$ cat run_29.cif   # mmCIF, C-alpha atoms and all ligand atoms
data_start
loop_
_atom_site.group_PDB
_atom_site.id
_atom_site.type_symbol
_atom_site.label_atom_id
_atom_site.label_comp_id
_atom_site.auth_asym_id
_atom_site.auth_seq_id
_atom_site.Cartn_x
_atom_site.Cartn_y
_atom_site.Cartn_z
ATOM 1 C CA MET A 1 115.133 -108.325 -57.939
ATOM 2 C CA CYS A 2 113.131 -111.444 -57.378
ATOM 3 C CA PHE A 3 112.907 -114.433 -59.660
ATOM 4 C CA ASN A 4 109.924 -116.473 -58.631
ATOM 5 C CA THR A 5 110.496 -120.037 -59.654
ATOM 6 C CA THR A 6 106.988 -121.280 -58.902
ATOM 7 C CA PRO A 7 106.868 -124.754 -60.430
ATOM 8 C CA TYR A 8 104.656 -124.580 -63.504
ATOM 9 C CA PRO A 9 104.541 -127.675 -65.666
ATOM 10 C CA SER A 10 104.986 -126.978 -69.344
ATOM 11 C CA SER A 11 101.929 -126.854 -71.581
ATOM 12 C CA SER A 12 102.892 -129.689 -73.853
ATOM 13 C CA GLU A 13 101.933 -133.121 -75.033
ATOM 14 C CA GLU A 14 103.726 -134.351 -71.912
ATOM 15 C CA GLY A 15 100.344 -134.071 -70.176
ATOM 16 C CA ASP A 16 100.373 -134.100 -66.412
ATOM 17 C CA ARG A 17 103.512 -136.175 -65.988
ATOM 18 C CA PRO A 18 106.351 -134.381 -64.189
ATOM 19 C CA LEU A 19 108.591 -132.693 -66.705
ATOM 20 C CA THR A 20 112.008 -134.356 -66.860
ATOM 21 C CA TRP A 21 115.111 -132.517 -68.065
ATOM 22 C CA ASP A 22 115.232 -134.860 -71.074
ATOM 23 C CA ALA A 23 111.654 -133.986 -72.016
ATOM 24 C CA MET A 24 112.484 -130.315 -71.627
ATOM 25 C CA ASP A 25 115.473 -130.723 -73.950
ATOM 26 C CA VAL A 26 113.328 -132.390 -76.609
ATOM 27 C CA MET A 27 110.707 -129.629 -76.446
ATOM 28 C CA TYR A 28 113.390 -126.986 -76.426
ATOM 29 C CA ALA A 29 114.985 -128.403 -79.566
ATOM 30 C CA ARG A 30 111.572 -128.215 -81.271
ATOM 31 C CA TYR A 31 111.262 -124.533 -80.361
ATOM 32 C CA VAL A 32 114.663 -123.726 -81.795
ATOM 33 C CA ASN A 33 113.585 -125.055 -85.190
ATOM 34 C CA GLN A 34 110.202 -123.345 -85.247
ATOM 35 C CA LYS A 35 109.485 -120.376 -87.485
ATOM 36 C CA PRO A 36 108.498 -117.211 -85.578
ATOM 37 C CA MET A 37 104.717 -116.956 -85.568
ATOM 38 C CA LEU A 38 104.247 -113.505 -87.004
ATOM 39 C CA ASP A 39 102.301 -114.684 -90.016
ATOM 40 C CA LYS A 40 98.898 -113.785 -88.586
ATOM 41 C CA PRO A 41 97.377 -110.323 -89.129
ATOM 42 C CA ALA A 42 96.838 -109.526 -85.409
ATOM 43 C CA LYS A 43 100.464 -110.057 -84.381
ATOM 44 C CA TRP A 44 101.799 -108.471 -87.537
ATOM 45 C CA TYR A 45 99.649 -105.385 -86.898
ATOM 46 C CA LEU A 46 100.654 -105.243 -83.268
ATOM 47 C CA LEU A 47 104.326 -105.404 -84.232
ATOM 48 C CA GLN A 48 103.872 -102.426 -86.586
ATOM 49 C CA ARG A 49 102.135 -100.420 -83.856
ATOM 50 C CA LEU A 50 104.882 -101.298 -81.335
ATOM 51 C CA LEU A 51 107.582 -100.211 -83.780
ATOM 52 C CA GLU A 52 105.729 -96.914 -84.357
ATOM 53 C CA TYR A 53 105.345 -96.411 -80.602
ATOM 54 C CA ALA A 54 109.036 -97.078 -79.944
ATOM 55 C CA ASP A 55 109.999 -94.803 -82.829
ATOM 56 C CA GLU A 56 107.782 -91.946 -81.573
ATOM 57 C CA HIS A 57 109.604 -92.129 -78.230
ATOM 58 C CA LYS A 58 113.042 -92.627 -79.831
ATOM 59 C CA GLY A 59 113.272 -96.039 -78.174
ATOM 60 C CA GLN A 60 113.122 -94.500 -74.669
ATOM 61 C CA VAL A 61 110.199 -96.597 -73.428
ATOM 62 C CA SER A 62 109.723 -99.457 -71.013
ATOM 63 C CA ILE A 63 107.515 -102.453 -71.827
ATOM 64 C CA LEU A 64 106.164 -105.162 -69.538
ATOM 65 C CA GLU A 65 104.825 -108.241 -71.304
ATOM 66 C CA LEU A 66 102.585 -110.627 -69.383
ATOM 67 C CA GLY A 67 102.856 -114.180 -70.727
ATOM 68 C CA ALA A 68 105.884 -113.471 -72.935
ATOM 69 C CA GLY A 69 106.018 -117.003 -74.382
ATOM 70 C CA ARG A 70 109.054 -117.144 -76.628
ATOM 71 C CA ALA A 71 109.294 -113.342 -76.901
ATOM 72 C CA TYR A 72 109.134 -113.388 -80.701
ATOM 73 C CA VAL A 73 107.380 -110.065 -81.166
ATOM 74 C CA ILE A 74 109.482 -108.070 -78.736
ATOM 75 C CA LYS A 75 112.704 -109.470 -80.193
ATOM 76 C CA LYS A 76 111.799 -107.812 -83.506
ATOM 77 C CA VAL A 77 111.214 -104.516 -81.678
ATOM 78 C CA LEU A 78 114.462 -104.808 -79.690
ATOM 79 C CA GLU A 79 116.432 -105.473 -82.864
ATOM 80 C CA GLN A 80 115.487 -101.961 -83.998
ATOM 81 C CA PHE A 81 115.375 -100.295 -80.561
ATOM 82 C CA PRO A 82 117.989 -102.075 -78.430
ATOM 83 C CA ASN A 83 117.838 -99.449 -75.661
ATOM 84 C CA LEU A 84 114.201 -100.118 -74.899
ATOM 85 C CA ARG A 85 113.646 -101.517 -71.395
ATOM 86 C CA TYR A 86 111.733 -104.795 -71.436
ATOM 87 C CA VAL A 87 110.557 -107.294 -68.816
ATOM 88 C CA GLY A 88 108.662 -110.397 -69.904
ATOM 89 C CA ILE A 89 106.815 -112.555 -67.366
ATOM 90 C CA GLU A 90 106.474 -116.183 -68.377
ATOM 91 C CA PRO A 91 105.364 -119.114 -66.168
ATOM 92 C CA ASP A 92 106.143 -121.922 -68.600
ATOM 93 C CA PRO A 93 109.733 -123.054 -67.891
ATOM 94 C CA VAL A 94 110.567 -124.160 -71.435
ATOM 95 C CA SER A 95 109.241 -120.968 -73.035
ATOM 96 C CA ALA A 96 110.951 -118.838 -70.368
ATOM 97 C CA LYS A 97 114.304 -120.536 -70.998
ATOM 98 C CA TYR A 98 113.939 -120.118 -74.736
ATOM 99 C CA ALA A 99 112.934 -116.447 -74.394
ATOM 100 C CA GLN A 100 115.852 -115.773 -72.032
ATOM 101 C CA GLU A 101 118.261 -117.122 -74.633
ATOM 102 C CA GLN A 102 116.595 -115.202 -77.456
ATOM 103 C CA LEU A 103 117.000 -111.942 -75.560
ATOM 104 C CA ALA A 104 120.426 -112.674 -74.064
ATOM 105 C CA GLY A 105 122.121 -110.065 -76.274
ATOM 106 C CA PHE A 106 119.871 -107.221 -75.115
ATOM 107 C CA GLU A 107 121.181 -105.577 -71.973
ATOM 108 C CA ASN A 108 117.884 -103.984 -70.939
ATOM 109 C CA ALA A 109 115.706 -107.019 -71.531
ATOM 110 C CA LYS A 110 114.937 -109.759 -69.064
ATOM 111 C CA ILE A 111 112.525 -112.630 -68.608
ATOM 112 C CA VAL A 112 111.059 -113.421 -65.191
ATOM 113 C CA HIS A 113 109.847 -116.960 -64.672
ATOM 114 C CA SER A 114 106.540 -116.473 -62.874
ATOM 115 C CA LEU A 115 102.781 -116.178 -63.153
ATOM 116 C CA ALA A 116 101.625 -112.557 -63.575
ATOM 117 C CA TYR A 117 99.587 -112.508 -60.373
ATOM 118 C CA ASN A 118 101.341 -111.220 -57.281
ATOM 119 C CA GLN A 119 101.076 -107.438 -57.323
ATOM 120 C CA ASN A 120 103.573 -106.977 -54.523
ATOM 121 C CA GLN A 121 106.261 -109.006 -56.176
ATOM 122 C CA PRO A 122 109.152 -106.763 -57.283
ATOM 123 C CA ILE A 123 109.919 -107.666 -60.888
ATOM 124 C CA ALA A 124 112.511 -105.062 -61.810
ATOM 125 C CA GLU A 125 114.460 -102.200 -60.276
ATOM 126 C CA GLN A 126 112.168 -99.645 -61.888
ATOM 127 C CA ASP A 127 108.944 -101.447 -61.327
ATOM 128 C CA LYS A 128 106.494 -99.385 -63.412
ATOM 129 C CA PHE A 129 106.274 -99.422 -67.180
ATOM 130 C CA ASP A 130 105.134 -97.133 -70.009
ATOM 131 C CA LEU A 131 103.344 -100.007 -71.724
ATOM 132 C CA VAL A 132 101.908 -103.268 -70.403
ATOM 133 C CA MET A 133 100.844 -105.859 -72.958
ATOM 134 C CA SER A 134 99.806 -109.450 -73.463
ATOM 135 C CA LEU A 135 99.549 -111.387 -76.722
ATOM 136 C CA SER A 136 97.298 -114.437 -76.988
ATOM 137 C CA VAL A 137 97.322 -114.795 -73.212
ATOM 138 C CA LEU A 138 93.983 -113.702 -71.678
ATOM 139 C CA GLU A 139 92.189 -116.839 -72.892
ATOM 140 C CA HIS A 140 94.771 -118.964 -71.026
ATOM 141 C CA VAL A 141 94.704 -117.077 -67.726
ATOM 142 C CA LYS A 142 92.971 -118.782 -64.819
ATOM 143 C CA ASP A 143 92.415 -115.651 -62.738
ATOM 144 C CA LEU A 144 91.943 -112.617 -64.976
ATOM 145 C CA LYS A 145 91.205 -110.274 -62.059
ATOM 146 C CA SER A 146 94.600 -110.942 -60.444
ATOM 147 C CA PHE A 147 96.278 -110.766 -63.838
ATOM 148 C CA PHE A 148 94.912 -107.278 -64.573
ATOM 149 C CA ALA A 149 95.564 -106.160 -60.990
ATOM 150 C CA PHE A 150 99.206 -107.156 -61.533
ATOM 151 C CA GLY A 151 99.362 -105.350 -64.899
ATOM 152 C CA ALA A 152 97.755 -102.183 -63.523
ATOM 153 C CA ALA A 153 100.019 -102.146 -60.433
ATOM 154 C CA HIS A 154 103.063 -102.161 -62.731
ATOM 155 C CA THR A 155 101.881 -99.394 -65.093
ATOM 156 C CA LYS A 156 103.009 -95.753 -64.873
ATOM 157 C CA PRO A 157 100.219 -93.166 -64.590
ATOM 158 C CA ASP A 158 98.846 -92.686 -68.128
ATOM 159 C CA GLY A 159 100.791 -95.774 -69.229
ATOM 160 C CA ALA A 160 99.383 -97.782 -72.124
ATOM 161 C CA HIS A 161 97.775 -101.228 -72.123
ATOM 162 C CA ILE A 162 97.456 -103.522 -75.148
ATOM 163 C CA HIS A 163 95.899 -106.969 -74.861
ATOM 164 C CA VAL A 164 95.369 -109.213 -77.866
ATOM 165 C CA TYR A 165 93.346 -112.322 -77.123
ATOM 166 C CA ASP A 166 92.266 -115.241 -79.256
ATOM 167 C CA LEU A 167 88.814 -116.761 -79.295
ATOM 168 C CA GLY A 168 89.801 -119.499 -81.745
ATOM 169 C CA HIS A 169 89.985 -122.246 -79.085
ATOM 170 C CA ALA A 170 86.411 -121.450 -78.059
ATOM 171 C CA LEU A 171 84.834 -120.641 -81.424
ATOM 172 C CA TYR A 172 86.774 -123.068 -83.635
ATOM 173 C CA PRO A 173 87.878 -125.977 -81.405
ATOM 174 C CA SER A 174 90.049 -128.355 -83.410
ATOM 175 C CA SER A 175 89.036 -131.493 -81.464
ATOM 176 C CA LEU A 176 86.460 -132.832 -79.041
ATOM 177 C CA LYS A 177 89.132 -132.577 -76.326
ATOM 178 C CA GLU A 178 89.535 -128.837 -76.975
ATOM 179 C CA LYS A 179 85.764 -128.357 -77.014
ATOM 180 C CA LEU A 180 85.501 -130.046 -73.613
ATOM 181 C CA GLN A 181 88.463 -128.115 -72.232
ATOM 182 C CA VAL A 182 86.819 -124.807 -73.211
ATOM 183 C CA ALA A 183 83.448 -125.888 -71.780
ATOM 184 C CA VAL A 184 85.030 -126.849 -68.447
ATOM 185 C CA CYS A 185 87.180 -123.694 -68.317
ATOM 186 C CA ASN A 186 84.099 -121.553 -68.926
ATOM 187 C CA SER A 187 82.261 -123.120 -66.028
ATOM 188 C CA VAL A 188 82.644 -123.039 -62.247
ATOM 189 C CA LEU A 189 84.950 -126.035 -62.664
ATOM 190 C CA ARG A 190 87.745 -123.732 -63.887
ATOM 191 C CA GLN A 191 89.021 -123.447 -60.324
ATOM 192 C CA TYR A 192 90.005 -127.151 -60.442
ATOM 193 C CA ILE A 193 91.943 -126.885 -63.706
ATOM 194 C CA PRO A 194 95.736 -126.375 -63.529
ATOM 195 C CA GLU A 195 97.057 -122.961 -64.623
ATOM 196 C CA ASN A 196 98.706 -124.393 -67.721
ATOM 197 C CA LYS A 197 95.573 -126.130 -69.006
ATOM 198 C CA ILE A 198 93.276 -123.124 -69.321
ATOM 199 C CA ALA A 199 91.677 -122.290 -72.688
ATOM 200 C CA ARG A 200 88.368 -120.473 -72.689
ATOM 201 C CA TYR A 201 86.022 -117.964 -74.238
ATOM 202 C CA VAL A 202 86.723 -114.459 -72.923
ATOM 203 C CA PRO A 203 83.730 -112.114 -73.224
ATOM 204 C CA LEU A 204 84.691 -108.535 -74.091
ATOM 205 C CA GLU A 205 82.329 -107.366 -71.334
ATOM 206 C CA GLU A 206 84.454 -109.242 -68.783
ATOM 207 C CA VAL A 207 87.652 -107.567 -70.025
ATOM 208 C CA GLU A 208 85.915 -104.161 -69.992
ATOM 209 C CA SER A 209 84.601 -104.663 -66.491
ATOM 210 C CA ILE A 210 87.952 -105.842 -65.045
ATOM 211 C CA CYS A 211 89.826 -103.039 -66.828
ATOM 212 C CA GLY A 212 87.321 -100.522 -65.433
ATOM 213 C CA ALA A 213 87.937 -101.816 -61.914
ATOM 214 C CA HIS A 214 91.663 -101.095 -62.353
ATOM 215 C CA ASN A 215 91.354 -97.642 -63.923
ATOM 216 C CA ILE A 216 92.329 -98.942 -67.346
ATOM 217 C CA ILE A 217 90.414 -96.855 -69.866
ATOM 218 C CA ILE A 218 89.730 -98.754 -73.090
ATOM 219 C CA GLU A 219 90.064 -96.406 -76.074
ATOM 220 C CA GLN A 220 89.689 -98.819 -78.943
ATOM 221 C CA VAL A 221 88.922 -102.456 -79.704
ATOM 222 C CA THR A 222 90.122 -103.913 -83.006
ATOM 223 C CA TYR A 223 89.293 -107.283 -84.573
ATOM 224 C CA HIS A 224 91.598 -109.488 -86.646
ATOM 225 C CA ASN A 225 92.503 -112.904 -88.046
ATOM 226 C CA MET A 226 89.589 -113.904 -90.242
ATOM 227 C CA PRO A 227 90.198 -117.685 -90.445
ATOM 228 C CA SER A 228 90.216 -117.772 -94.263
ATOM 229 C CA HIS A 229 92.734 -114.909 -94.354
ATOM 230 C CA VAL A 230 94.955 -116.721 -91.858
ATOM 231 C CA SER A 231 94.959 -119.992 -93.767
ATOM 232 C CA TRP A 232 95.497 -118.270 -97.118
ATOM 233 C CA LEU A 233 98.374 -116.174 -95.754
ATOM 234 C CA LYS A 234 100.004 -119.296 -94.327
ATOM 235 C CA LYS A 235 99.767 -121.087 -97.647
ATOM 236 C CA ALA A 236 100.711 -118.199 -99.893
ATOM 237 C CA GLY A 237 103.209 -116.520 -97.534
ATOM 238 C CA GLN A 238 102.229 -113.094 -98.920
ATOM 239 C CA GLU A 239 103.468 -110.895 -96.086
ATOM 240 C CA GLU A 240 103.361 -107.804 -98.310
ATOM 241 C CA LEU A 241 99.550 -108.056 -98.223
ATOM 242 C CA MET A 242 99.370 -107.893 -94.418
ATOM 243 C CA GLY A 243 98.864 -104.125 -94.396
ATOM 244 C CA LEU A 244 95.932 -104.389 -96.772
ATOM 245 C CA ILE A 245 94.392 -107.312 -94.893
ATOM 246 C CA THR A 246 94.675 -105.784 -91.419
ATOM 247 C CA ASP A 247 93.225 -102.530 -92.712
ATOM 248 C CA LEU A 248 90.299 -104.360 -94.310
ATOM 249 C CA GLU A 249 89.643 -106.457 -91.191
ATOM 250 C CA ILE A 250 89.716 -103.475 -88.825
ATOM 251 C CA LYS A 251 87.435 -101.387 -91.049
ATOM 252 C CA MET A 252 85.001 -104.226 -91.722
ATOM 253 C CA ALA A 253 84.718 -105.063 -88.024
ATOM 254 C CA GLN A 254 84.017 -101.382 -87.230
ATOM 255 C CA LYS A 255 80.906 -101.606 -89.400
ATOM 256 C CA MET A 256 79.556 -104.669 -87.587
ATOM 257 C CA PRO A 257 77.531 -104.651 -84.361
ATOM 258 C CA PRO A 258 79.254 -106.236 -81.341
ATOM 259 C CA GLY A 259 78.571 -109.908 -80.712
ATOM 260 C CA LEU A 260 79.294 -113.465 -81.669
ATOM 261 C CA ASP A 261 78.932 -112.950 -85.455
ATOM 262 C CA LYS A 262 81.720 -110.419 -85.390
ATOM 263 C CA GLU A 263 83.910 -112.616 -83.172
ATOM 264 C CA LYS A 264 83.336 -115.619 -85.424
ATOM 265 C CA LEU A 265 84.437 -113.624 -88.427
ATOM 266 C CA PHE A 266 87.387 -112.070 -86.568
ATOM 267 C CA PRO A 267 88.371 -114.336 -83.651
ATOM 268 C CA SER A 268 91.342 -112.230 -82.475
ATOM 269 C CA VAL A 269 90.406 -109.214 -80.417
ATOM 270 C CA CYS A 270 92.780 -106.420 -79.455
ATOM 271 C CA VAL A 271 92.004 -104.022 -76.634
ATOM 272 C CA TRP A 272 93.919 -100.706 -76.622
ATOM 273 C CA GLY A 273 93.811 -98.498 -73.536
ATOM 274 C CA HIS A 274 95.693 -96.610 -70.869
ATOM 275 C CA VAL A 275 95.727 -96.302 -67.107
ATOM 276 C CA ARG A 276 94.040 -93.137 -65.888
ATOM 277 C CA GLY A 277 96.770 -90.815 -64.515
ATOM 278 C CA GLN A 278 96.671 -89.884 -60.816
HETATM 279 C C1 LIG A 301 99.392 -118.969 -76.432
HETATM 280 S S1 LIG A 301 100.734 -118.572 -75.425
HETATM 281 C C2 LIG A 301 101.216 -116.981 -76.069
HETATM 282 C C3 LIG A 301 102.665 -116.682 -75.817
HETATM 283 C C4 LIG A 301 103.199 -115.385 -76.430
HETATM 284 N N1 LIG A 301 102.600 -114.223 -75.820
HETATM 285 C C5 LIG A 301 102.996 -115.372 -77.915
HETATM 286 O O1 LIG A 301 102.236 -114.519 -78.406
HETATM 287 O O2 LIG A 301 103.604 -116.203 -78.608
HETATM 288 C C6 LIG A 301 99.970 -118.170 -73.871
HETATM 289 C C7 LIG A 301 100.993 -117.820 -72.815
HETATM 290 O O3 LIG A 301 100.332 -117.331 -71.648
HETATM 291 C C8 LIG A 301 101.079 -117.748 -70.526
HETATM 292 N N2 LIG A 301 100.236 -117.636 -69.328
HETATM 293 C C9 LIG A 301 99.152 -118.361 -68.988
HETATM 294 N N3 LIG A 301 98.675 -117.967 -67.794
HETATM 295 C C10 LIG A 301 99.464 -116.959 -67.363
HETATM 296 C C11 LIG A 301 99.490 -116.138 -66.195
HETATM 297 N N4 LIG A 301 98.608 -116.278 -65.227
HETATM 298 N N5 LIG A 301 100.467 -115.210 -66.099
HETATM 299 C C12 LIG A 301 101.366 -115.040 -67.083
HETATM 300 N N6 LIG A 301 101.391 -115.794 -68.207
HETATM 301 C C13 LIG A 301 100.459 -116.733 -68.354
HETATM 302 C C14 LIG A 301 101.476 -119.175 -70.905
HETATM 303 O O4 LIG A 301 102.549 -119.656 -70.153
HETATM 304 C C15 LIG A 301 101.813 -119.012 -72.381
HETATM 305 O O5 LIG A 301 103.176 -118.708 -72.599
#

$ encode --input "run_29.cif" --output "structure tokens"
Amino acid sequence: MCFNTTPYPSSSEEGDRPLTWDAMDVMYARYVNQKPMLDKPAKWYLLQRLLEYADEHKGQVSILELGAGRAYVIKKVLEQFPNLRYVGIEPDPVSAKYAQEQLAGFENAKIVHSLAYNQNQPIAEQDKFDLVMSLSVLEHVKDLKSFFAFGAAHTKPDGAHIHVYDLGHALYPSSLKEKLQVAVCNSVLRQYIPENKIARYVPLEEVESICGAHNIIIEQVTYHNMPSHVSWLKKAGQEELMGLITDLEIKMAQKMPPGLDKEKLFPSVCVWGHVRGQ
């Protein structure tokens, strides 16, 4: 087993200053008090599908998550299926520490502090997984080709892939700074931007083309998180309506032609596929 401790400054208001232990403690304390972010339709829907998947296989599945963050979603799955084997890869040290503590009680779960790039890096004893997923990560990845190469190299033949990505930073930037960040990250200048400062527009065609190059067959693409639904759900806290809302969003998006109009209406995209068996 190899724990790569590549230094990766935390994505925080600390900017580019070196992260001190004190700063890490302050950020960590903030995490502990934060509510799990499962109040958006895309993540809620994904959680339901993961629970169904684990249930179908009686919990005997292995999951690799690229960019695990604080491991909120998988913790909910592990609470119901504690025997499931899980490895989360997370380069941000504060998130990785938090996730490690969240999952400490689950024997078969571990967090590896690393970027999801080096295909030859052993990440677990059994190195191939039934399902490889990423949630709100693709838009923050500097090198998507290496990221998918890593994911594909760690997938069992016929293993599943699920990638949810958010176009909100690009389509609804909340500040001039974010607008500039997206513009720079979508240009040739991306190569000069640090790994933890990437936020960009990810065209579906790019995901399709990279997946194709790694034998990942995309079976379905679903669209979620209409901004007015998200803000209403946050305010009203009506989780019981999530099923209705996700159903409506998925069906509505199916009726629309591909393109920017659809992405503006539903800025979270979820790609469902599997690796072609050998
Ligand atoms: C918006 S956060 C999402 C975190 C988590 N998946 C969630 O849904 O809460 C994006 C995550 O992608 C991670 N990330 C960015 N580039 C990465 C890379 N090359 N490999 C693995 N993770 C990466 C970041 O460290 C960050 O935790």

$ resolve_selection --input "run_29.cif" --expression "the PyMOL selection byres (((not hetatm)) within 8 of (chain A and resi 301))" --output "PDB file with C-alpha atoms, keeping the file's coordinate frame"
ATOM      1  CA  SER A  10     104.986-126.978 -69.344  1.00  0.00           C
ATOM      2  CA  SER A  11     101.929-126.854 -71.581  1.00  0.00           C
ATOM      3  CA  MET A  37     104.717-116.956 -85.568  1.00  0.00           C
ATOM      4  CA  LYS A  43     100.464-110.057 -84.381  1.00  0.00           C
ATOM      5  CA  GLU A  65     104.825-108.241 -71.304  1.00  0.00           C
ATOM      6  CA  LEU A  66     102.585-110.627 -69.383  1.00  0.00           C
ATOM      7  CA  GLY A  67     102.856-114.180 -70.727  1.00  0.00           C
ATOM      8  CA  ALA A  68     105.884-113.471 -72.935  1.00  0.00           C
ATOM      9  CA  GLY A  69     106.018-117.003 -74.382  1.00  0.00           C
ATOM     10  CA  ARG A  70     109.054-117.144 -76.628  1.00  0.00           C
ATOM     11  CA  ALA A  71     109.294-113.342 -76.901  1.00  0.00           C
ATOM     12  CA  TYR A  72     109.134-113.388 -80.701  1.00  0.00           C
ATOM     13  CA  VAL A  73     107.380-110.065 -81.166  1.00  0.00           C
ATOM     14  CA  ILE A  89     106.815-112.555 -67.366  1.00  0.00           C
ATOM     15  CA  GLU A  90     106.474-116.183 -68.377  1.00  0.00           C
ATOM     16  CA  PRO A  91     105.364-119.114 -66.168  1.00  0.00           C
ATOM     17  CA  ASP A  92     106.143-121.922 -68.600  1.00  0.00           C
ATOM     18  CA  SER A  95     109.241-120.968 -73.035  1.00  0.00           C
ATOM     19  CA  SER A 114     106.540-116.473 -62.874  1.00  0.00           C
ATOM     20  CA  LEU A 115     102.781-116.178 -63.153  1.00  0.00           C
ATOM     21  CA  ALA A 116     101.625-112.557 -63.575  1.00  0.00           C
ATOM     22  CA  TYR A 117      99.587-112.508 -60.373  1.00  0.00           C
ATOM     23  CA  SER A 134      99.806-109.450 -73.463  1.00  0.00           C
ATOM     24  CA  LEU A 135      99.549-111.387 -76.722  1.00  0.00           C
ATOM     25  CA  SER A 136      97.298-114.437 -76.988  1.00  0.00           C
ATOM     26  CA  VAL A 137      97.322-114.795 -73.212  1.00  0.00           C
ATOM     27  CA  LEU A 138      93.983-113.702 -71.678  1.00  0.00           C
ATOM     28  CA  GLU A 139      92.189-116.839 -72.892  1.00  0.00           C
ATOM     29  CA  HIS A 140      94.771-118.964 -71.026  1.00  0.00           C
ATOM     30  CA  VAL A 141      94.704-117.077 -67.726  1.00  0.00           C
ATOM     31  CA  LYS A 142      92.971-118.782 -64.819  1.00  0.00           C
ATOM     32  CA  ASP A 143      92.415-115.651 -62.738  1.00  0.00           C
ATOM     33  CA  LEU A 144      91.943-112.617 -64.976  1.00  0.00           C
ATOM     34  CA  PHE A 147      96.278-110.766 -63.838  1.00  0.00           C
ATOM     35  CA  GLU A 195      97.057-122.961 -64.623  1.00  0.00           C
ATOM     36  CA  ASN A 196      98.706-124.393 -67.721  1.00  0.00           C
ATOM     37  CA  ILE A 198      93.276-123.124 -69.321  1.00  0.00           C
TER      38      ILE A 198
END

$ residues_around --input "run_29.cif" --residues "Gln102 (chain A)" --least-positions-apart "2" --cutoff "9 Å" --atoms "all atoms listed in the file" --output "PyMOL selection string"
chain A and resi 70-72+75+97-100+104-106

$ atom_distance --input "run_29.cif" --atom1 "CA of Leu248 (chain A)" --atom2 "CA of Asn225 (chain A)"
10.8 Å

$ closest_residue --input "run_29.cif" --among "A:Ala42, A:Val184, A:Val132, A:Ile218" --to "Phe266 (chain A)" --atoms "only C-alpha atoms"
A:Ala42

$ closest_residue --input "run_29.cif" --among "A:Gln80, A:Asn120, A:Thr222, A:Ser62" --to "Thr155 (chain A)" --atoms "only C-alpha atoms"
A:Ser62

$ atom_distance --input "run_29.cif" --atom1 "CA of Val269 (chain A)" --atom2 "CA of Tyr165 (chain A)"
5.4 Å

$ axis_aligned_box --input "run_29.cif" --around "region 228-241 of chain A" --padding-each-side "6 Å" --output "AutoDock Vina command-line options"
--center_x 96.8 --center_y -114.4 --center_z -95.9 --size_x 25.3 --size_y 25.3 --size_z 20.0

$ closest_residue --input "run_29.cif" --among "A:His214, A:Lys264, A:Lys234, A:Arg85" --to "Phe150 (chain A)" --atoms "only C-alpha atoms"
A:His214

$ residues_around --input "run_29.cif" --residues "Met133 (chain A)" --least-positions-apart "3" --cutoff "6 Å" --atoms "only C-alpha atoms" --output "number ranges by chain"
A: 65, 161-163

$ build_atoms --input "run_29.cif" --residues "region 128-139 of chain A" --atoms "N, CA and C atoms" --output "PDB file, in the coordinates of the input"
ATOM      1  N   LYS A 128     107.677 -99.833 -62.664  1.00  0.00           N
ATOM      2  CA  LYS A 128     106.494 -99.385 -63.412  1.00  0.00           C
ATOM      3  C   LYS A 128     106.886 -99.125 -64.862  1.00  0.00           C
ATOM      4  N   PHE A 129     105.951 -99.410 -65.756  1.00  0.00           N
ATOM      5  CA  PHE A 129     106.274 -99.422 -67.180  1.00  0.00           C
ATOM      6  C   PHE A 129     105.388 -98.461 -67.969  1.00  0.00           C
ATOM      7  N   ASP A 130     105.914 -98.020 -69.131  1.00  0.00           N
ATOM      8  CA  ASP A 130     105.134 -97.133 -70.009  1.00  0.00           C
ATOM      9  C   ASP A 130     104.038 -97.916 -70.724  1.00  0.00           C
ATOM     10  N   LEU A 131     104.310 -99.189 -70.971  1.00  0.00           N
ATOM     11  CA  LEU A 131     103.344-100.007 -71.724  1.00  0.00           C
ATOM     12  C   LEU A 131     103.298-101.411 -71.123  1.00  0.00           C
ATOM     13  N   VAL A 132     102.094-101.894 -70.883  1.00  0.00           N
ATOM     14  CA  VAL A 132     101.908-103.268 -70.403  1.00  0.00           C
ATOM     15  C   VAL A 132     101.097-103.999 -71.468  1.00  0.00           C
ATOM     16  N   MET A 133     101.574-105.175 -71.882  1.00  0.00           N
ATOM     17  CA  MET A 133     100.844-105.859 -72.958  1.00  0.00           C
ATOM     18  C   MET A 133     100.803-107.371 -72.745  1.00  0.00           C
ATOM     19  N   SER A 134      99.861-107.988 -73.423  1.00  0.00           N
ATOM     20  CA  SER A 134      99.806-109.450 -73.463  1.00  0.00           C
ATOM     21  C   SER A 134      99.308-109.866 -74.840  1.00  0.00           C
ATOM     22  N   LEU A 135      99.888-110.931 -75.369  1.00  0.00           N
ATOM     23  CA  LEU A 135      99.549-111.387 -76.722  1.00  0.00           C
ATOM     24  C   LEU A 135      99.116-112.845 -76.682  1.00  0.00           C
ATOM     25  N   SER A 136      97.866-113.083 -76.994  1.00  0.00           N
ATOM     26  CA  SER A 136      97.298-114.437 -76.988  1.00  0.00           C
ATOM     27  C   SER A 136      97.412-115.079 -75.602  1.00  0.00           C
ATOM     28  N   VAL A 137      97.150-114.300 -74.577  1.00  0.00           N
ATOM     29  CA  VAL A 137      97.322-114.795 -73.212  1.00  0.00           C
ATOM     30  C   VAL A 137      96.002-114.834 -72.423  1.00  0.00           C
ATOM     31  N   LEU A 138      95.169-113.803 -72.557  1.00  0.00           N
ATOM     32  CA  LEU A 138      93.983-113.702 -71.678  1.00  0.00           C
ATOM     33  C   LEU A 138      93.149-114.986 -71.660  1.00  0.00           C
ATOM     34  N   GLU A 139      93.035-115.629 -72.816  1.00  0.00           N
ATOM     35  CA  GLU A 139      92.189-116.839 -72.892  1.00  0.00           C
ATOM     36  C   GLU A 139      92.814-118.022 -72.156  1.00  0.00           C
TER      37      GLU A 139
END
